[in-house]
$ cat coords.cif   # mmCIF, C-alpha atoms
data_start
loop_
_atom_site.label_atom_id
_atom_site.label_comp_id
_atom_site.auth_asym_id
_atom_site.auth_seq_id
_atom_site.Cartn_x
_atom_site.Cartn_y
_atom_site.Cartn_z
CA MET F 143 62.35 -3.77 34.87
CA ILE F 144 62.48 -2.20 31.41
CA GLU F 145 65.07 -4.81 30.51
CA LEU F 146 62.71 -7.58 31.62
CA LEU F 147 59.82 -6.09 29.65
CA HIS F 148 61.99 -5.71 26.58
CA ASP F 149 63.11 -9.33 26.72
CA TYR F 150 59.79 -11.00 27.47
CA TYR F 151 56.90 -8.85 26.22
CA ALA F 152 56.40 -11.01 23.13
CA TYR F 153 56.14 -14.18 25.18
CA TRP F 154 53.66 -12.52 27.53
CA ALA F 155 51.45 -11.39 24.67
CA ILE F 156 51.58 -14.90 23.23
CA MET F 157 50.57 -16.41 26.55
CA LEU F 158 47.64 -13.99 26.82
CA LEU F 159 46.58 -15.06 23.32
CA LEU F 160 46.86 -18.71 24.39
CA VAL F 161 44.60 -18.09 27.40
CA ILE F 162 42.09 -16.23 25.20
CA GLY F 163 41.97 -19.26 22.92
CA LEU F 164 41.55 -21.58 25.90
CA TYR F 165 38.72 -19.36 27.18
CA GLY F 166 36.99 -19.64 23.83
CA MET F 167 37.32 -23.41 23.79
CA LEU F 168 36.25 -24.03 27.40
CA ILE F 169 33.67 -21.38 28.29
CA LYS F 170 31.83 -20.54 25.06
CA LYS F 171 28.75 -22.67 24.35
CA ASN F 172 28.56 -22.16 20.58
CA LEU F 173 30.52 -24.72 18.59
CA MET F 174 31.52 -22.12 16.00
CA LYS F 175 33.05 -19.95 18.73
CA LYS F 176 34.86 -23.00 20.05
CA VAL F 177 36.44 -23.47 16.63
CA ILE F 178 37.46 -19.79 16.61
CA GLY F 179 39.04 -20.30 20.04
CA MET F 180 40.90 -23.32 18.72
CA VAL F 181 42.30 -21.26 15.84
CA ILE F 182 43.47 -18.54 18.24
CA PHE F 183 45.15 -21.17 20.44
CA GLN F 184 46.85 -22.75 17.43
CA ASN F 185 48.13 -19.42 16.16
CA SER F 186 49.52 -18.52 19.58
CA ILE F 187 51.59 -21.70 19.49
CA ILE F 188 52.82 -20.81 15.99
CA LEU F 189 53.77 -17.33 17.19
CA LEU F 190 55.61 -18.83 20.16
CA PHE F 191 57.81 -20.91 17.86
CA VAL F 192 58.49 -18.02 15.49
CA ALA F 193 59.34 -15.77 18.43
CA ALA F 194 61.70 -18.40 19.79
CA ALA F 195 63.52 -18.51 16.45
CA PHE F 196 64.26 -14.79 16.61
CA LYS F 197 67.80 -13.43 17.13
CA TRP F 198 68.80 -9.81 17.38
CA ASP F 199 70.97 -8.53 14.50
CA ALA F 200 70.21 -11.59 12.39
CA THR F 201 68.74 -11.80 8.89
CA VAL F 202 66.16 -14.11 7.35
CA PRO F 203 67.40 -17.64 6.58
CA VAL F 204 68.05 -16.97 2.89
CA LEU F 205 71.69 -17.10 1.92
CA ASP F 206 73.26 -13.70 1.42
CA ALA F 207 76.87 -13.19 0.43
CA ALA F 208 77.19 -10.28 2.85
CA HIS F 209 76.54 -12.57 5.83
CA PRO F 210 78.90 -15.54 6.12
CA THR F 211 77.25 -18.75 7.29
CA GLU F 212 80.18 -19.66 9.53
CA ASN F 213 78.81 -17.28 12.13
CA VAL F 214 75.50 -18.86 13.11
CA ALA F 215 74.30 -15.63 14.79
CA ASN F 216 73.97 -14.01 11.33
CA TYR F 217 70.85 -15.99 10.43
CA LEU F 218 67.56 -16.76 12.16
CA ASN F 219 67.08 -20.35 13.16
CA PRO F 220 65.41 -22.02 10.12
CA LEU F 221 64.10 -25.09 11.92
CA PRO F 222 61.14 -23.52 13.82
CA HIS F 223 60.17 -21.62 10.68
CA THR F 224 59.97 -24.86 8.73
CA LEU F 225 57.97 -26.63 11.42
CA MET F 226 55.50 -23.76 11.66
CA LEU F 227 55.19 -23.53 7.87
CA THR F 228 53.80 -27.04 7.82
CA ALA F 229 51.79 -26.42 11.00
CA ILE F 230 49.97 -23.49 9.37
CA VAL F 231 48.90 -25.61 6.41
CA VAL F 232 47.83 -28.47 8.65
CA GLY F 233 45.91 -25.87 10.71
CA VAL F 234 44.01 -24.81 7.61
CA ALA F 235 43.17 -28.45 6.90
CA ILE F 236 42.00 -28.91 10.52
CA VAL F 237 39.74 -25.86 10.25
CA GLY F 238 38.32 -27.25 7.01
CA VAL F 239 37.48 -30.58 8.64
CA ALA F 240 36.04 -28.81 11.71
CA PHE F 241 33.77 -26.68 9.54
CA ALA F 242 32.69 -29.74 7.58
CA LEU F 243 31.71 -31.44 10.83
CA LEU F 244 29.85 -28.31 11.95
CA ILE F 245 27.95 -28.18 8.66
CA ALA F 246 27.00 -31.85 9.09
CA ILE F 247 25.85 -31.21 12.69
CA TYR F 248 23.84 -28.21 11.60
CA ARG F 249 22.11 -30.17 8.86
CA ASN F 250 21.18 -32.91 11.32
CA PHE F 251 20.11 -30.88 14.34
CA GLY F 252 19.53 -27.35 13.11
CA THR F 253 21.61 -25.71 15.82
CA LEU F 254 25.20 -25.20 16.96
CA GLU F 255 24.43 -24.14 20.55
CA GLU F 256 25.76 -26.84 22.81
CA PRO F 257 22.96 -27.12 25.49
CA GLU F 258 20.29 -27.07 22.82
CA LEU F 259 22.23 -29.65 20.85
CA MET F 260 22.47 -32.00 23.84
CA GLU F 261 18.72 -31.66 24.39
CA ARG F 262 17.92 -32.51 20.79
CA MET F 263 20.31 -35.44 20.78
CA ARG F 264 18.60 -36.79 23.89
CA GLY F 265 15.15 -36.15 22.52
CA GLU F 266 15.63 -38.15 19.34
CA MET W 294 25.01 -19.02 -12.58
CA THR W 295 25.54 -15.27 -12.89
CA HIS W 296 23.05 -13.63 -10.57
CA LYS W 297 21.39 -10.29 -11.26
CA SER W 298 22.76 -8.66 -8.13
CA VAL W 299 26.40 -9.45 -8.95
CA SER W 300 27.95 -6.21 -10.06
CA ILE W 301 29.94 -6.01 -13.28
CA ILE W 302 32.79 -4.53 -11.28
CA ILE W 303 33.13 -7.73 -9.26
CA LEU W 304 33.08 -9.88 -12.39
CA VAL W 305 35.72 -7.90 -14.28
CA ALA W 306 37.95 -7.21 -11.30
CA SER W 307 37.95 -10.79 -10.03
CA ARG W 308 38.68 -12.13 -13.50
CA ALA W 309 41.69 -9.84 -13.82
CA LEU W 310 42.85 -10.34 -10.24
CA ALA W 311 42.54 -14.13 -10.21
CA ARG W 312 45.07 -14.46 -13.04
CA VAL W 313 47.53 -12.19 -11.25
CA ILE W 314 47.12 -14.19 -8.03
CA GLN W 315 47.66 -17.49 -9.86
CA LEU W 316 50.69 -16.17 -11.71
CA PHE W 317 52.14 -14.97 -8.43
CA GLY W 318 51.42 -18.39 -6.90
CA ILE W 319 53.42 -20.13 -9.66
CA TYR W 320 56.21 -17.60 -9.15
CA VAL W 321 56.25 -18.30 -5.41
CA ILE W 322 56.55 -22.05 -6.03
CA ILE W 323 59.31 -21.79 -8.62
CA HIS W 324 61.23 -19.00 -6.91
CA GLY W 325 61.02 -20.72 -3.52
CA HIS W 326 64.70 -21.63 -3.82
CA TYR W 327 65.87 -18.03 -3.74
CA SER W 328 63.29 -16.13 -1.71
CA PRO W 329 60.73 -16.92 0.96
CA GLY W 330 58.22 -19.21 -0.68
CA GLY W 331 57.66 -22.79 -1.64
CA GLY W 332 55.02 -25.36 -2.30
CA PHE W 333 52.71 -24.66 0.63
CA GLN W 334 52.52 -20.91 0.14
CA GLY W 335 52.29 -21.08 -3.64
CA GLY W 336 49.62 -23.76 -3.44
CA ALA W 337 47.57 -21.59 -1.11
CA LEU W 338 47.88 -18.66 -3.52
CA LEU W 339 46.82 -20.78 -6.51
CA ALA W 340 43.84 -22.01 -4.51
CA ALA W 341 42.99 -18.41 -3.60
CA GLY W 342 42.83 -17.53 -7.29
CA VAL W 343 40.54 -20.45 -8.05
CA ILE W 344 38.31 -19.73 -5.04
CA LEU W 345 38.04 -16.08 -6.07
CA MET W 346 36.70 -17.18 -9.45
CA ARG W 347 34.33 -19.60 -7.70
CA MET W 348 32.96 -16.84 -5.49
CA ALA W 349 32.53 -14.32 -8.27
CA TYR W 350 31.19 -16.51 -11.07
CA GLY W 351 29.64 -19.46 -9.24
CA ARG W 352 30.58 -23.10 -9.37
CA GLU W 353 29.25 -23.98 -12.79
CA ALA W 354 30.90 -21.11 -14.62
CA SER W 355 34.33 -21.69 -13.06
CA GLN W 356 34.58 -25.45 -13.58
CA SER W 357 37.26 -24.85 -16.21
CA GLU W 358 39.68 -23.66 -13.48
CA VAL W 359 39.78 -26.86 -11.46
CA SER W 360 36.62 -28.91 -11.86
CA THR W 361 34.96 -30.14 -8.68
CA GLY W 362 35.33 -33.80 -9.52
CA ALA W 363 38.98 -33.49 -10.48
CA ALA W 364 40.17 -31.85 -7.28
CA ILE W 365 40.69 -34.96 -5.15
CA PRO W 366 42.33 -37.01 -7.95
CA LEU W 367 44.70 -34.11 -8.66
CA ALA W 368 45.53 -33.91 -4.96
CA SER W 369 46.42 -37.59 -4.94
CA ILE W 370 48.61 -37.02 -8.01
CA GLY W 371 50.42 -34.28 -6.08
CA ALA W 372 50.96 -36.48 -3.04
CA LEU W 373 52.09 -39.36 -5.26
CA LEU W 374 54.53 -37.05 -7.08
CA PHE W 375 56.08 -36.34 -3.70
CA ALA W 376 56.17 -39.98 -2.65
CA GLY W 377 57.31 -41.11 -6.11
CA THR W 378 60.30 -38.78 -5.94
CA GLY W 379 61.31 -40.60 -2.79
CA LEU W 380 60.82 -43.97 -4.46
CA ILE W 381 63.07 -42.99 -7.38
CA THR W 382 65.91 -42.44 -4.93
CA LEU W 383 65.25 -45.85 -3.40
CA ALA W 384 65.60 -47.41 -6.85
CA PHE W 385 69.13 -46.00 -7.14
CA GLY W 386 70.17 -47.40 -3.80
CA GLY W 387 69.92 -44.31 -1.63
CA HIS W 388 67.81 -43.70 1.44
CA TYR W 389 64.19 -42.69 1.02
CA MET W 390 64.10 -39.02 -0.11
CA ASP W 391 67.88 -38.87 -0.44
CA TYR W 392 67.91 -37.08 -3.81
CA GLY W 393 71.67 -36.96 -4.01
CA ALA W 394 71.79 -40.69 -4.65
CA VAL W 395 70.30 -40.37 -8.15
CA PRO W 396 73.17 -40.43 -10.64
CA VAL W 397 72.52 -37.82 -13.32
CA PRO W 398 75.46 -37.60 -15.76
CA GLY W 399 77.21 -34.27 -15.85
CA ILE W 400 75.50 -32.81 -12.77
CA GLU W 401 76.99 -32.72 -9.32
CA GLU W 402 75.17 -33.98 -6.27
CA PRO W 403 73.97 -30.61 -4.86
CA ILE W 404 72.39 -29.71 -8.21
CA VAL W 405 70.55 -33.03 -8.26
CA ARG W 406 69.22 -32.22 -4.80
CA TYR W 407 68.19 -28.81 -6.14
CA TYR W 408 65.99 -30.38 -8.81
CA GLY W 409 64.70 -32.98 -6.38
CA ILE W 410 63.52 -30.19 -4.09
CA LEU W 411 61.88 -28.46 -7.06
CA LEU W 412 59.97 -31.62 -7.99
CA VAL W 413 58.84 -32.09 -4.41
CA GLU W 414 57.67 -28.47 -4.22
CA PHE W 415 55.54 -28.98 -7.32
CA GLY W 416 53.93 -32.02 -5.69
CA ILE W 417 53.22 -30.08 -2.50
CA GLY W 418 51.80 -27.12 -4.42
CA LEU W 419 49.48 -29.29 -6.51
CA ALA W 420 48.24 -31.21 -3.46
CA VAL W 421 47.65 -28.13 -1.29
CA MET W 422 45.90 -26.17 -4.04
CA THR W 423 43.50 -28.93 -5.00
CA VAL W 424 42.74 -29.90 -1.40
CA LEU W 425 41.82 -26.31 -0.51
CA VAL W 426 39.61 -26.05 -3.60
CA ALA W 427 38.01 -29.41 -2.75
CA ILE W 428 37.25 -28.32 0.83
CA PHE W 429 35.70 -25.10 -0.49
CA ASP W 430 33.55 -26.98 -3.00
CA ASP W 431 32.43 -29.55 -0.45
CA MET W 432 31.30 -26.84 1.96
CA LEU W 433 29.17 -25.21 -0.72
CA SER W 434 27.66 -28.40 -2.08
CA VAL W 435 23.88 -28.29 -1.78
CA PRO W 436 22.40 -31.11 0.33
CA PRO W 437 19.67 -33.19 -1.33
CA GLU W 438 16.84 -32.14 1.02
CA GLU W 439 17.19 -28.57 -0.20
CA ARG W 440 16.88 -29.60 -3.82
CA VAL W 441 13.74 -29.22 -5.90
CA GLU W 442 11.73 -32.43 -6.24
CA GLY W 443 11.06 -33.89 -9.66
CA GLY W 444 14.42 -33.34 -11.30
CA ALA W 445 16.15 -36.27 -12.89
CA PRO W 446 17.69 -38.19 -9.95
CA ASP W 447 21.05 -38.90 -11.54
CA GLU W 448 21.40 -35.56 -13.24
CA SER W 449 24.85 -34.28 -12.47
CA SER W 450 24.11 -30.63 -13.18
CA ASP W 451 22.47 -28.76 -10.33
CA PRO W 452 18.67 -28.44 -10.72
CA VAL W 453 18.23 -25.87 -7.93
CA PRO W 454 16.86 -22.56 -9.20
CA VAL W 455 18.69 -19.41 -8.29
CA GLU W 456 16.33 -18.08 -5.66
CA ARG W 457 16.34 -21.32 -3.59
CA ARG W 458 20.07 -21.55 -3.47
CA ASN W 459 22.11 -20.68 -0.44
CA PRO W 460 23.28 -17.09 -1.01
CA MET W 461 26.88 -18.15 -0.42
CA THR W 462 26.94 -20.37 -3.51
CA ARG W 463 26.10 -17.60 -5.90
CA MET R 237 40.86 -20.38 36.94
CA LEU R 238 41.91 -19.06 33.55
CA VAL R 239 43.50 -16.03 35.20
CA VAL R 240 45.53 -18.39 37.40
CA PHE R 241 46.52 -20.31 34.31
CA ALA R 242 47.55 -17.09 32.55
CA GLY R 243 49.69 -16.12 35.55
CA LEU R 244 51.26 -19.57 35.58
CA MET R 245 52.13 -19.41 31.88
CA ILE R 246 53.60 -15.91 32.18
CA TYR R 247 55.64 -17.08 35.16
CA ALA R 248 56.85 -20.01 33.06
CA THR R 249 58.03 -17.70 30.28
CA LEU R 250 60.39 -16.00 32.73
CA HIS R 251 62.46 -19.17 32.72
CA LEU R 252 62.82 -19.18 28.93
CA PRO R 253 65.92 -17.57 27.45
CA GLU R 254 65.38 -13.93 26.51
CA ARG R 255 63.78 -13.43 23.12
CA GLY R 256 66.34 -12.61 20.46
CA ASN R 257 69.35 -13.59 22.52
CA PRO R 258 71.81 -15.30 20.14
CA GLU R 259 73.42 -16.98 23.15
CA ALA R 260 70.30 -19.07 23.85
CA PRO R 261 70.93 -22.84 23.83
CA MET R 262 68.82 -23.49 20.73
CA HIS R 263 70.92 -21.07 18.67
CA GLN R 264 74.30 -22.54 19.59
CA GLU R 265 76.39 -24.77 17.39
CA LEU R 266 76.81 -27.34 20.17
CA ASN R 267 74.21 -28.10 22.78
CA LEU R 268 74.79 -28.55 26.51
CA VAL R 269 76.17 -32.08 26.16
CA GLY R 270 78.38 -31.20 23.18
CA LYS R 271 76.32 -32.59 20.31
CA PRO R 272 75.69 -30.47 17.18
CA VAL R 273 72.41 -28.51 17.16
CA ALA R 274 70.16 -28.95 14.14
CA GLY R 275 69.42 -25.26 13.52
CA ALA R 276 73.06 -24.23 13.37
CA TYR R 277 73.94 -27.25 11.22
CA PHE R 278 71.24 -26.29 8.71
CA ILE R 279 72.50 -22.70 8.52
CA GLN R 280 76.07 -23.78 7.86
CA ASN R 281 75.53 -26.67 5.45
CA ALA R 282 72.30 -25.98 3.56
CA TYR R 283 73.91 -24.31 0.56
CA ARG R 284 76.76 -26.81 0.37
CA ASP R 285 74.37 -29.78 0.41
CA ALA R 286 71.65 -28.62 -1.95
CA ALA R 287 72.87 -25.50 -3.81
CA THR R 288 69.74 -23.66 -2.68
CA PRO R 289 70.03 -20.31 -0.89
CA ASN R 290 66.72 -20.54 0.95
CA MET R 291 67.49 -22.62 4.03
CA VAL R 292 63.84 -23.08 4.95
CA THR R 293 63.19 -24.76 1.61
CA VAL R 294 66.18 -27.04 2.06
CA VAL R 295 65.10 -28.08 5.54
CA LEU R 296 61.51 -28.52 4.40
CA ALA R 297 62.11 -30.59 1.30
CA ASP R 298 65.45 -32.25 1.91
CA TYR R 299 66.52 -32.75 5.51
CA ARG R 300 62.99 -33.18 6.82
CA SER R 301 61.32 -34.40 3.65
CA VAL R 302 59.74 -37.46 5.24
CA ASP R 303 58.12 -35.15 7.80
CA THR R 304 56.82 -32.97 4.98
CA LEU R 305 55.48 -36.04 3.19
CA GLY R 306 53.52 -36.77 6.36
CA GLU R 307 52.16 -33.22 6.36
CA VAL R 308 51.05 -33.49 2.74
CA ILE R 309 49.32 -36.77 3.52
CA VAL R 310 47.57 -35.10 6.49
CA VAL R 311 46.33 -32.31 4.22
CA PHE R 312 45.20 -34.83 1.62
CA THR R 313 43.41 -36.85 4.30
CA ALA R 314 41.64 -33.68 5.45
CA GLY R 315 40.40 -33.10 1.91
CA VAL R 316 39.14 -36.67 1.65
CA ALA R 317 37.50 -36.39 5.07
CA CYS R 318 35.62 -33.25 4.03
CA PHE R 319 34.56 -35.04 0.87
CA LEU R 320 33.24 -38.02 2.83
CA ILE R 321 31.46 -35.94 5.50
CA LEU R 322 29.72 -33.54 3.17
CA ARG R 323 29.08 -35.58 0.02
CA ARG R 324 27.76 -38.79 1.59
CA ARG R 325 24.14 -37.70 1.58
CA GLU R 326 24.07 -36.89 -2.11
CA THR R 327 25.23 -40.36 -3.12
CA ASP R 328 22.92 -42.05 -0.57
CA ASP R 329 19.94 -40.15 -1.83
CA SER R 330 20.21 -41.06 -5.47
#
$ encode --input "coords.cif" --output "structure tokens"
Amino acid sequence: MIELLHDYYAYWAIMLLLVIGLYGMLIKKNLMKKVIGMVIFQNSIILLFVAAAFKWDATVPVLDAAHPTENVANYLNPLPHTLMLTAIVVGVAIVGVAFALLIAIYRNFGTLEEPELMERMRGE
Amino acid sequence: MTHKSVSIIILVASRALARVIQLFGIYVIIHGHYSPGGGFQGGALLAAGVILMRMAYGREASQSEVSTGAAIPLASIGALLFAGTGLITLAFGGHYMDYGAVPVPGIEEPIVRYYGILLVEFGIGLAVMTVLVAIFDDMLSVPPEERVEGGAPDESSDPVPVERRNPMTR
Amino acid sequence: MLVVFAGLMIYATLHLPERGNPEAPMHQELNLVGKPVAGAYFIQNAYRDAATPNMVTVVLADYRSVDTLGEVIVVFTAGVACFLILRRRETDDS
């Protein structure tokens, strides 16, 4: 049991984070809170990849003369790190566009609450 | 655009800190070959320095950092620097982005790749920094209905007096 | 419903390889059908190919540079999109 916990606790925490993000996106009525839920969801995916790249007794993927590259177990897997590096920056860009859309919505309708927003869109 | 309520501590500290952040951003880009770092991270740090100056001094006073109008053109220069590096390798008969194909006399192929990566990192850093600054500026741009009536319509400088301005733009 | 989903996801993680196990398939030099795995190839050949100690930089800007070009274009497009969404009114007005 302790063995199981030791091996999988990081994945479980990541999955809880993912469900929290999903809760924010699906249940919350405020568009701003939906964006916050989306960011939490996105970061849980990033954490999942970084956790998957982890190896015990390995060092960061920067060449070090003390660790020969012939033994692959000496270094963390660099591929998920690279993918997530770009994903983080694209995430920042997505958040920027989302906030720009929210600002435009707020200027037009004066609210970010979803039911109120639907009412005003119908009313006009 | 310096407001009365902005403390002198914020002005002095942000001016000192922004330079350190920007210097560290350049270091992260250039030293990305030997330590964790690279274009994306360094670009974000450079943008953080510029945005700190924007927040402390206001948009008008910090136009000398990266001016609002120049952000998007600079970002396209960064993206084109990246794409142009790939096109150079095409001109020498290699695959797209295959830096080793460029024949530089006296330098072996891995070293050519080294400098190709450096060039690409500069392009990424420039693009990321200017795009983040541009997004920040766009979010704080004042919409026309909040402006004061009667100003010259095509006046590029902002005619809004201090007290009518959104507190975030100070 | 979300609790059920959380339980399902946690159940799914039990079928992943243990975290940090260097014997996991994605950390091997050869995958299950005997083809070389990208991560191990990058670790072994990054310095030889590009003379750069940081493997993440080599993968980012050399092996996967076309992918990174796409990312930069996405970021650039996001900047242009923000520009178009938020600045349109000012130009319309004048």
$ resolve_selection --input "coords.cif" --expression "the PyMOL selection byres ((chain W) within 8 of (chain R))" --output "ChimeraX atom specification"
/W:325-331,365,368-369,372,375-376,390-392,402-407,410,413-414,417,420-421,424-425,427-428,431-432,434,436-437,446-447
$ closest_residue --input "coords.cif" --among "F:Met180, F:Leu189, F:Val237, F:Tyr153" --to "F:Gly166" --atoms "all atoms listed in the file"
F:Met180
$ residues_near_point --input "coords.cif" --point "(76.5, -21.7, 6.6)" --cutoff "9 Å" --atoms "all atoms listed in the file" --output "VMD selection string"
(chain F and resid 205 210 to 214 217) or (chain R and resid 276 to 284)
$ interface_residues --input "coords.cif" --of "chain F" --to "chain W" --cutoff "12 Å" --atoms "only C-alpha atoms" --output "PyMOL selection string"
chain F and resi 202-206+220+223-224+226-246+248-250
$ atom_distance --input "coords.cif" --atom1 "atom CA of F:Ala194" --atom2 "atom CA of W:Leu411"
28.7 Å
$ atom_distance --input "coords.cif" --atom1 "atom CA of F:Ile178" --atom2 "atom CA of R:Ala248"
25.4 Å
$ atom_distance --input "coords.cif" --atom1 "atom CA of W:Gly386" --atom2 "atom CA of W:Gly371"
23.8 Å
$ resolve_selection --input "coords.cif" --expression "the PyMOL selection byres ((chain W and resi 304) around 12)" --output "PyMOL selection string"
chain W and resi 295-303+305-311+345-351+354-355
$ closest_residue --input "coords.cif" --among "F:Ala207, F:Leu259, F:Trp154, F:Val192" --to "chain R" --atoms "all atoms listed in the file"
F:Trp154
$ closest_residue --input "coords.cif" --among "W:Leu373, W:Ala394, W:Ile319, W:Ile381" --to "W:Met422" --atoms "all atoms listed in the file"
W:Ile319
$ residues_around --input "coords.cif" --residues "F:Ala152" --least-positions-apart "2" --cutoff "12 Å" --atoms "all atoms listed in the file" --output "list of chain:residue names"
F:Leu146, F:Leu147, F:His148, F:Asp149, F:Tyr150, F:Trp154, F:Ala155, F:Ile156, F:Met157, F:Leu158, F:Leu159, F:Ser186, F:Leu189, F:Leu190, F:Phe191, F:Val192, F:Ala193, F:Ala194, F:Phe196, R:Ile246, R:Thr249, R:Leu250, R:Leu252, R:Glu254, R:Arg255, R:Gly256
$ closest_residue --input "coords.cif" --among "R:Asp303, R:Leu268, R:Val240, R:Gly275" --to "chain F" --atoms "only C-alpha atoms"
R:Gly275
$ closest_residue --input "coords.cif" --among "F:Ala208, F:Met260, F:Ile182, F:Ala200" --to "chain R" --atoms "all atoms listed in the file"
F:Ala200
$ build_atoms --input "coords.cif" --residues "stretch 354-369 of chain W" --atoms "N, CA, C and O atoms" --output "PDB file, in the coordinates of the input"
ATOM      1  N   ALA W 354      30.174 -21.896 -13.636  1.00  0.00           N
ATOM      2  CA  ALA W 354      30.900 -21.110 -14.620  1.00  0.00           C
ATOM      3  C   ALA W 354      32.398 -21.248 -14.461  1.00  0.00           C
ATOM      4  O   ALA W 354      33.148 -20.989 -15.401  1.00  0.00           O
ATOM      5  N   SER W 355      32.884 -21.637 -13.271  1.00  0.00           N
ATOM      6  CA  SER W 355      34.330 -21.690 -13.060  1.00  0.00           C
ATOM      7  C   SER W 355      34.843 -23.115 -12.996  1.00  0.00           C
ATOM      8  O   SER W 355      35.885 -23.372 -12.421  1.00  0.00           O
ATOM      9  N   GLN W 356      34.099 -24.064 -13.589  1.00  0.00           N
ATOM     10  CA  GLN W 356      34.580 -25.450 -13.580  1.00  0.00           C
ATOM     11  C   GLN W 356      35.842 -25.619 -14.421  1.00  0.00           C
ATOM     12  O   GLN W 356      36.579 -26.579 -14.257  1.00  0.00           O
ATOM     13  N   SER W 357      36.082 -24.697 -15.358  1.00  0.00           N
ATOM     14  CA  SER W 357      37.260 -24.850 -16.210  1.00  0.00           C
ATOM     15  C   SER W 357      38.547 -24.559 -15.447  1.00  0.00           C
ATOM     16  O   SER W 357      39.634 -24.901 -15.914  1.00  0.00           O
ATOM     17  N   GLU W 358      38.452 -23.936 -14.274  1.00  0.00           N
ATOM     18  CA  GLU W 358      39.680 -23.660 -13.480  1.00  0.00           C
ATOM     19  C   GLU W 358      40.221 -24.981 -12.940  1.00  0.00           C
ATOM     20  O   GLU W 358      41.232 -25.485 -13.379  1.00  0.00           O
ATOM     21  N   VAL W 359      39.525 -25.494 -11.931  1.00  0.00           N
ATOM     22  CA  VAL W 359      39.780 -26.860 -11.460  1.00  0.00           C
ATOM     23  C   VAL W 359      38.402 -27.425 -11.227  1.00  0.00           C
ATOM     24  O   VAL W 359      37.666 -26.935 -10.385  1.00  0.00           O
ATOM     25  N   SER W 360      37.999 -28.454 -11.993  1.00  0.00           N
ATOM     26  CA  SER W 360      36.620 -28.910 -11.860  1.00  0.00           C
ATOM     27  C   SER W 360      36.456 -29.632 -10.532  1.00  0.00           C
ATOM     28  O   SER W 360      37.402 -30.176  -9.969  1.00  0.00           O
ATOM     29  N   THR W 361      35.227 -29.623 -10.022  1.00  0.00           N
ATOM     30  CA  THR W 361      34.960 -30.140  -8.680  1.00  0.00           C
ATOM     31  C   THR W 361      35.340 -31.613  -8.566  1.00  0.00           C
ATOM     32  O   THR W 361      35.904 -32.036  -7.566  1.00  0.00           O
ATOM     33  N   GLY W 362      35.027 -32.386  -9.608  1.00  0.00           N
ATOM     34  CA  GLY W 362      35.330 -33.800  -9.520  1.00  0.00           C
ATOM     35  C   GLY W 362      36.810 -34.101  -9.623  1.00  0.00           C
ATOM     36  O   GLY W 362      37.278 -35.132  -9.135  1.00  0.00           O
ATOM     37  N   ALA W 363      37.573 -33.208 -10.246  1.00  0.00           N
ATOM     38  CA  ALA W 363      38.980 -33.490 -10.480  1.00  0.00           C
ATOM     39  C   ALA W 363      39.873 -33.091  -9.331  1.00  0.00           C
ATOM     40  O   ALA W 363      41.060 -33.400  -9.334  1.00  0.00           O
ATOM     41  N   ALA W 364      39.312 -32.397  -8.319  1.00  0.00           N
ATOM     42  CA  ALA W 364      40.170 -31.850  -7.280  1.00  0.00           C
ATOM     43  C   ALA W 364      40.862 -32.933  -6.465  1.00  0.00           C
ATOM     44  O   ALA W 364      42.082 -32.898  -6.282  1.00  0.00           O
ATOM     45  N   ILE W 365      40.093 -33.915  -5.994  1.00  0.00           N
ATOM     46  CA  ILE W 365      40.690 -34.960  -5.150  1.00  0.00           C
ATOM     47  C   ILE W 365      41.656 -35.839  -5.938  1.00  0.00           C
ATOM     48  O   ILE W 365      42.763 -36.115  -5.467  1.00  0.00           O
ATOM     49  N   PRO W 366      41.329 -36.269  -7.175  1.00  0.00           N
ATOM     50  CA  PRO W 366      42.330 -37.010  -7.950  1.00  0.00           C
ATOM     51  C   PRO W 366      43.612 -36.226  -8.183  1.00  0.00           C
ATOM     52  O   PRO W 366      44.713 -36.788  -8.073  1.00  0.00           O
ATOM     53  N   LEU W 367      43.488 -34.916  -8.457  1.00  0.00           N
ATOM     54  CA  LEU W 367      44.700 -34.110  -8.660  1.00  0.00           C
ATOM     55  C   LEU W 367      45.509 -34.027  -7.373  1.00  0.00           C
ATOM     56  O   LEU W 367      46.747 -34.051  -7.402  1.00  0.00           O
ATOM     57  N   ALA W 368      44.817 -33.947  -6.227  1.00  0.00           N
ATOM     58  CA  ALA W 368      45.530 -33.910  -4.960  1.00  0.00           C
ATOM     59  C   ALA W 368      46.297 -35.185  -4.736  1.00  0.00           C
ATOM     60  O   ALA W 368      47.440 -35.179  -4.266  1.00  0.00           O
ATOM     61  N   SER W 369      45.701 -36.332  -5.116  1.00  0.00           N
ATOM     62  CA  SER W 369      46.420 -37.590  -4.940  1.00  0.00           C
ATOM     63  C   SER W 369      47.596 -37.661  -5.903  1.00  0.00           C
ATOM     64  O   SER W 369      48.647 -38.221  -5.561  1.00  0.00           O
TER      65      SER W 369
END
